[in-house]
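Participant: I am attaching a structure below and will ask some questions about it afterwards.
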Amino acid sequence: MTSNPPPGPAYDAVVLAGGGARRLGGADKPGVRVGGRALLDRVLGACADARATVVVADPRPTLAARPVRWAREDPPGAGPVAALDAGLRHATADDVVVLSADLPFLAAHTVRRLLAALRAGGAEGALLTDADGRDQPLVAAYRTAALRRELAVLTTDHGGLTGLPLRRLTAGLDLTRVSDPVASFDCDTWDDIATARARIREHGHVLDEWISAVKDELGIDLDVDTGTLLDLARDAAHGVARPAAPLTTFLVGYAAAQAQGGPEAVAEAARKAAALALRWAQEAEQDKAAQQDKPVEPGGSGPDAG
């Protein structure tokens with residue numbers, strides 16, 4: 001289980017989602033679905049606790065739990081540095097998380113790790129490195145003032161930001177690095193998309209991915225203890241009847257919602273339902289044992305009567 005750093009001061013998020021996706025044949029990359037969710041929605045879910053979220057792209061519907069502000073580089077298609085500058089104009093927090101919109105495995109705990117690494121020392125940025133050790137400047141947390149300083153330098157030196165590569169921007173920053181070959185995986189080609197979709201369907205990931213997708217689709221912001229609910233479903237199926245498993249978990253969720261509670265309400269409802277299922281199972285075992293010990297009457301139809 002991944003250990004999540006505790007929440008820190010407020011931060012803003014800038015998501016770059018307006019690239020041309022040439023290696024995808026010009027497809028709408030942020031809208032490509034992996035595990036049933038658009039890539040952009042997956043990234044927005046990872047930074048859902050940002051104070052403000054700016055997406056640099058043409059506006060589109062999203063499943064974001066909080067409002068999203070839209071921005072656009074001038075001219076459109078001017079490149080990632082210009083796009084970052086456009087997004088940063090709407091940021092007011094001291095720290096900003098900068099993300100691309102094609103990160104299928106980015107999670108909230110990764111964003112918190114980056115912010116913790118940034119705030120642990122005097123660095124001006126903390127970025128992920130991929131499986132080959134390469135810097136990923138679009139999966140990073142930065143000091144907002146440091147980014148603005150370097151953007152101003154680049155504007156002065158080059159007369160503008162159009163077409164400049166990100167390495168020109170990060171070269172002037174004091175950076176720390178966090179290795180995460182999974183979270184840094186981005187989707188540049190259809191082969192990358194296929195790889196991401198296959199990994200999500202692996203046994204060790206599919207349940208968590210499904211729960212996250214359902215919560216996004218239903219607009220539910222709730223930490224679900226899947227282990228507790230799976231244990232409950234197993235107990236209900238074994239102690240009562242197989243169809244009781246999905247019905248019981250539904251009723252647990254409904255009861256928690258009626259109580260207007262959070263994870264604690266779910267856990268309490270699950271505990272009560274599990275205890276009930278256990279009592280049902282115990283009664284069935286007691287009745288079975290009693291029937292086995294009951295003597296067969298002559299000519300009767302006891303348990304061993306043919």
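To be explicit about the labels: the chains of the structure tokens are called A, B, and onward in the order shown, and within each one the residues are counted from 1, while ligands get numbers from 1 in the order they are shown.
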I need the residues of stretch 28-232 of chain A that end up classed as strand (DSSP E or B) by DSSP on the backbone, written out as a ChimeraX atom specification.

Facilitator: /A:33-34,37-38,52-56,69-71,95-100,125-129,135-143,175-179

Participant: Would you mind reading off the distance between atom CA of A:Ala50 and atom CA of A:Ala65, one decimal, in Å?

Facilitator: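 Value for the atom CA of A:Ala50-atom CA of A:Ala65 distance: 10.9 Å.
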
Participant: Write out as an mmCIF file with N, CA, C and O atoms, in the first residue's frame the residues lying within 7 Å of stretch 268-271 of chain A, counting only C-alpha atoms and excluding same-chain residues fewer than 6 positions away.

Facilitator:
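part13.cif written:
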```cif
data_model
loop_
_atom_site.group_PDB
_atom_site.id
_atom_site.type_symbol
_atom_site.label_atom_id
_atom_site.label_comp_id
_atom_site.auth_asym_id
_atom_site.auth_seq_id
_atom_site.Cartn_x
_atom_site.Cartn_y
_atom_site.Cartn_z
ATOM 1 N N LEU A 229 -15.931 -4.128 1.992
ATOM 2 C CA LEU A 229 -17.118 -4.430 1.197
ATOM 3 C C LEU A 229 -17.014 -5.799 0.523
ATOM 4 O O LEU A 229 -18.013 -6.518 0.400
ATOM 5 N N LEU A 232 -17.762 -8.328 3.123
ATOM 6 C CA LEU A 232 -19.195 -8.353 3.353
ATOM 7 C C LEU A 232 -19.906 -9.133 2.251
ATOM 8 O O LEU A 232 -20.774 -9.974 2.522
ATOM 9 N N VAL A 252 -25.980 -1.237 1.877
ATOM 10 C CA VAL A 252 -24.996 -0.589 2.755
ATOM 11 C C VAL A 252 -24.712 0.828 2.261
ATOM 12 O O VAL A 252 -24.691 1.795 3.035
ATOM 13 N N ALA A 255 -27.730 3.018 2.922
ATOM 14 C CA ALA A 255 -27.847 3.378 4.337
ATOM 15 C C ALA A 255 -26.856 4.476 4.712
ATOM 16 O O ALA A 255 -27.198 5.410 5.454
ATOM 17 N N ALA A 256 -25.620 4.385 4.189
ATOM 18 C CA ALA A 256 -24.620 5.416 4.483
ATOM 19 C C ALA A 256 -25.046 6.755 3.904
ATOM 20 O O ALA A 256 -24.865 7.811 4.519
#
```

Participant: Could you name the residues that touch A:Ala236 at 9 Å or less, counting only C-alpha atoms, but leaving out those on the same chain fewer than 6 positions away, as a JSON list (two decimals) with N, CA, C and O atoms, in the first residue's frame?

Facilitator:
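Okay, this is what ended up in selection.json:
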```json
[["chain", "number", "residue", "atom", "x", "y", "z"],
["A", 242, "ARG", "N", -26.22, -16.38, -2.91],
["A", 242, "ARG", "CA", -25.31, -15.65, -3.79],
["A", 242, "ARG", "C", -25.87, -14.30, -4.23],
["A", 242, "ARG", "O", -25.14, -13.30, -4.22],
["A", 243, "PRO", "N", -27.15, -14.21, -4.61],
["A", 243, "PRO", "CA", -27.67, -12.88, -5.00],
["A", 243, "PRO", "C", -27.67, -11.87, -3.87],
["A", 243, "PRO", "O", -27.84, -10.67, -4.11],
["A", 244, "ALA", "N", -27.51, -12.34, -2.63],
["A", 244, "ALA", "CA", -27.51, -11.40, -1.50],
["A", 244, "ALA", "C", -26.28, -10.51, -1.52],
["A", 244, "ALA", "O", -26.30, -9.41, -0.93],
["A", 245, "ALA", "N", -25.19, -10.92, -2.18],
["A", 245, "ALA", "CA", -23.95, -10.15, -2.16],
["A", 245, "ALA", "C", -24.11, -8.77, -2.77],
["A", 245, "ALA", "O", -23.89, -7.75, -2.10],
["A", 246, "PRO", "N", -24.51, -8.65, -4.05],
["A", 246, "PRO", "CA", -24.65, -7.30, -4.62],
["A", 246, "PRO", "C", -25.78, -6.49, -3.97],
["A", 246, "PRO", "O", -25.64, -5.27, -3.80],
["A", 248, "THR", "N", -26.78, -6.63, -0.87],
["A", 248, "THR", "CA", -26.36, -6.17, 0.46],
["A", 248, "THR", "C", -25.42, -4.98, 0.35],
["A", 248, "THR", "O", -25.56, -4.00, 1.09],
["A", 273, "ALA", "N", -24.14, -5.21, 8.69],
["A", 273, "ALA", "CA", -24.61, -6.18, 7.71],
["A", 273, "ALA", "C", -23.78, -7.46, 7.78],
["A", 273, "ALA", "O", -24.31, -8.57, 7.64],
["A", 274, "ALA", "N", -22.46, -7.32, 8.00],
["A", 274, "ALA", "CA", -21.60, -8.51, 8.10],
["A", 274, "ALA", "C", -21.97, -9.34, 9.33],
["A", 274, "ALA", "O", -21.99, -10.58, 9.28],
["A", 276, "LEU", "N", -24.91, -9.50, 10.67],
["A", 276, "LEU", "CA", -26.17, -10.15, 10.35],
["A", 276, "LEU", "C", -25.94, -11.38, 9.48],
["A", 276, "LEU", "O", -26.53, -12.46, 9.72],
["A", 277, "ALA", "N", -25.08, -11.23, 8.46],
["A", 277, "ALA", "CA", -24.79, -12.37, 7.59],
["A", 277, "ALA", "C", -24.15, -13.51, 8.37],
["A", 277, "ALA", "O", -24.43, -14.70, 8.12],
["A", 278, "LEU", "N", -23.31, -13.17, 9.34],
["A", 278, "LEU", "CA", -22.68, -14.19, 10.16],
["A", 278, "LEU", "C", -23.73, -14.93, 10.99],
["A", 278, "LEU", "O", -23.68, -16.17, 11.13],
["A", 280, "TRP", "N", -26.87, -15.37, 10.21],
["A", 280, "TRP", "CA", -27.58, -16.24, 9.29],
["A", 280, "TRP", "C", -26.79, -17.52, 9.05],
["A", 280, "TRP", "O", -27.34, -18.62, 9.05],
["A", 281, "ALA", "N", -25.49, -17.38, 8.82],
["A", 281, "ALA", "CA", -24.66, -18.55, 8.55],
["A", 281, "ALA", "C", -24.61, -19.48, 9.76],
["A", 281, "ALA", "O", -24.65, -20.71, 9.62]]
```

Participant: So, with only C-alpha atoms as the atoms that count, which of A:Ala233, A:Val182, A:Leu161, A:Val206 lies closest to A:Gly77?

Facilitator: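 Ranking A:Ala233, A:Val182, A:Leu161, A:Val206 by distance to A:Gly77, first place goes to A:Leu161.
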
Participant: Give me, as a ChimeraX atom specification, all polymer residues having an atom no more than 9 Å from A:Leu63, counting only C-alpha atoms and skipping those fewer than 4 positions away in the same chain.

Facilitator: /A:41,44-45,216-217,219

Participant: Just want the 9 Å neighbourhood of stretch 98-108 of chain A, counted on only C-alpha atoms, with same-chain residues fewer than 2 positions away dropped. Output as a PyMOL selection string.

Facilitator: chain A and resi 4+12-18+29-30+32+34-35+38-49+55+84+96+110-113+137-142+182-188+193+196-197+200

Participant: Which residues are near A:Gln282? Cut-off 12 Å, only C-alpha atoms, ignore same chain within fewer than 5 positions. Put them as a PyMOL selection string.

Facilitator: chain A and resi 235+238-240+275-277+287-289

Participant: Can I get the selected residues back with N, CA, C and O atoms, as a compact mmCIF listing (two decimals), in the first residue's frame?

Facilitator:
```
# COMPACT_ATOMS: atom_id res chain seq x y z
N ASP A 235 -19.37 -12.80 2.74
CA ASP A 235 -20.15 -13.34 3.86
C ASP A 235 -21.62 -13.47 3.49
O ASP A 235 -22.29 -14.45 3.84
N HIS A 238 -22.06 -16.41 1.05
CA HIS A 238 -21.85 -17.71 1.70
C HIS A 238 -22.93 -18.00 2.74
O HIS A 238 -23.46 -19.12 2.82
N GLY A 239 -23.27 -16.98 3.54
CA GLY A 239 -24.16 -17.22 4.67
C GLY A 239 -25.62 -17.10 4.34
O GLY A 239 -26.47 -17.60 5.08
N VAL A 240 -25.96 -16.43 3.24
CA VAL A 240 -27.37 -16.22 2.91
C VAL A 240 -27.68 -16.86 1.56
O VAL A 240 -28.28 -17.92 1.47
N ALA A 275 -22.28 -8.66 10.43
CA ALA A 275 -22.69 -9.38 11.64
C ALA A 275 -24.00 -10.13 11.41
O ALA A 275 -24.18 -11.27 11.86
N LEU A 276 -24.91 -9.50 10.67
CA LEU A 276 -26.17 -10.15 10.35
C LEU A 276 -25.94 -11.38 9.48
O LEU A 276 -26.53 -12.46 9.72
N ALA A 277 -25.08 -11.23 8.46
CA ALA A 277 -24.79 -12.37 7.59
C ALA A 277 -24.15 -13.51 8.37
O ALA A 277 -24.43 -14.70 8.12
N ASP A 287 -28.76 -25.55 12.26
CA ASP A 287 -29.87 -26.38 11.76
C ASP A 287 -29.35 -27.61 11.04
O ASP A 287 -29.90 -28.71 11.17
N LYS A 288 -28.27 -27.44 10.29
CA LYS A 288 -27.69 -28.57 9.56
C LYS A 288 -27.17 -29.62 10.54
O LYS A 288 -27.39 -30.84 10.36
N ALA A 289 -26.49 -29.16 11.59
CA ALA A 289 -25.96 -30.09 12.59
C ALA A 289 -27.09 -30.81 13.31
O ALA A 289 -27.01 -32.02 13.59
```

Participant: Considering only C-alpha atoms, state which residue in the set A:Asp94, A:Asp180, A:Glu150, A:Glu73 is at the smallest distance from A:Leu114.

Facilitator: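 Closest to A:Leu114 of all the choices is A:Asp180.
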
Participant: Assign secondary structure with DSSP using the backbone only, and return the residues of stretch 3-251 of chain A in helix (DSSP H, G or I) as a PyMOL selection string.

Facilitator: chain A and resi 22-24+29-31+39-46+80-88+108-119+144-158+166-170+190-200+203-218+226-239+244-251

Participant: Measuring between only C-alpha atoms, which one of A:Thr170, A:Thr226, A:Thr62, A:Thr156 shows the shortest distance to A:Gln136?

Facilitator: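 Closest residue, counting only C-alpha atoms: A:Thr170.
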
Participant: Determine the nearest neighbour of A:Ala267 from the options A:Arg279, A:Arg72, A:Gly227, A:Ala93, counting only C-alpha atoms.

Facilitator: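 Residue with the minimum atom-to-atom distance to A:Ala267: A:Gly227.
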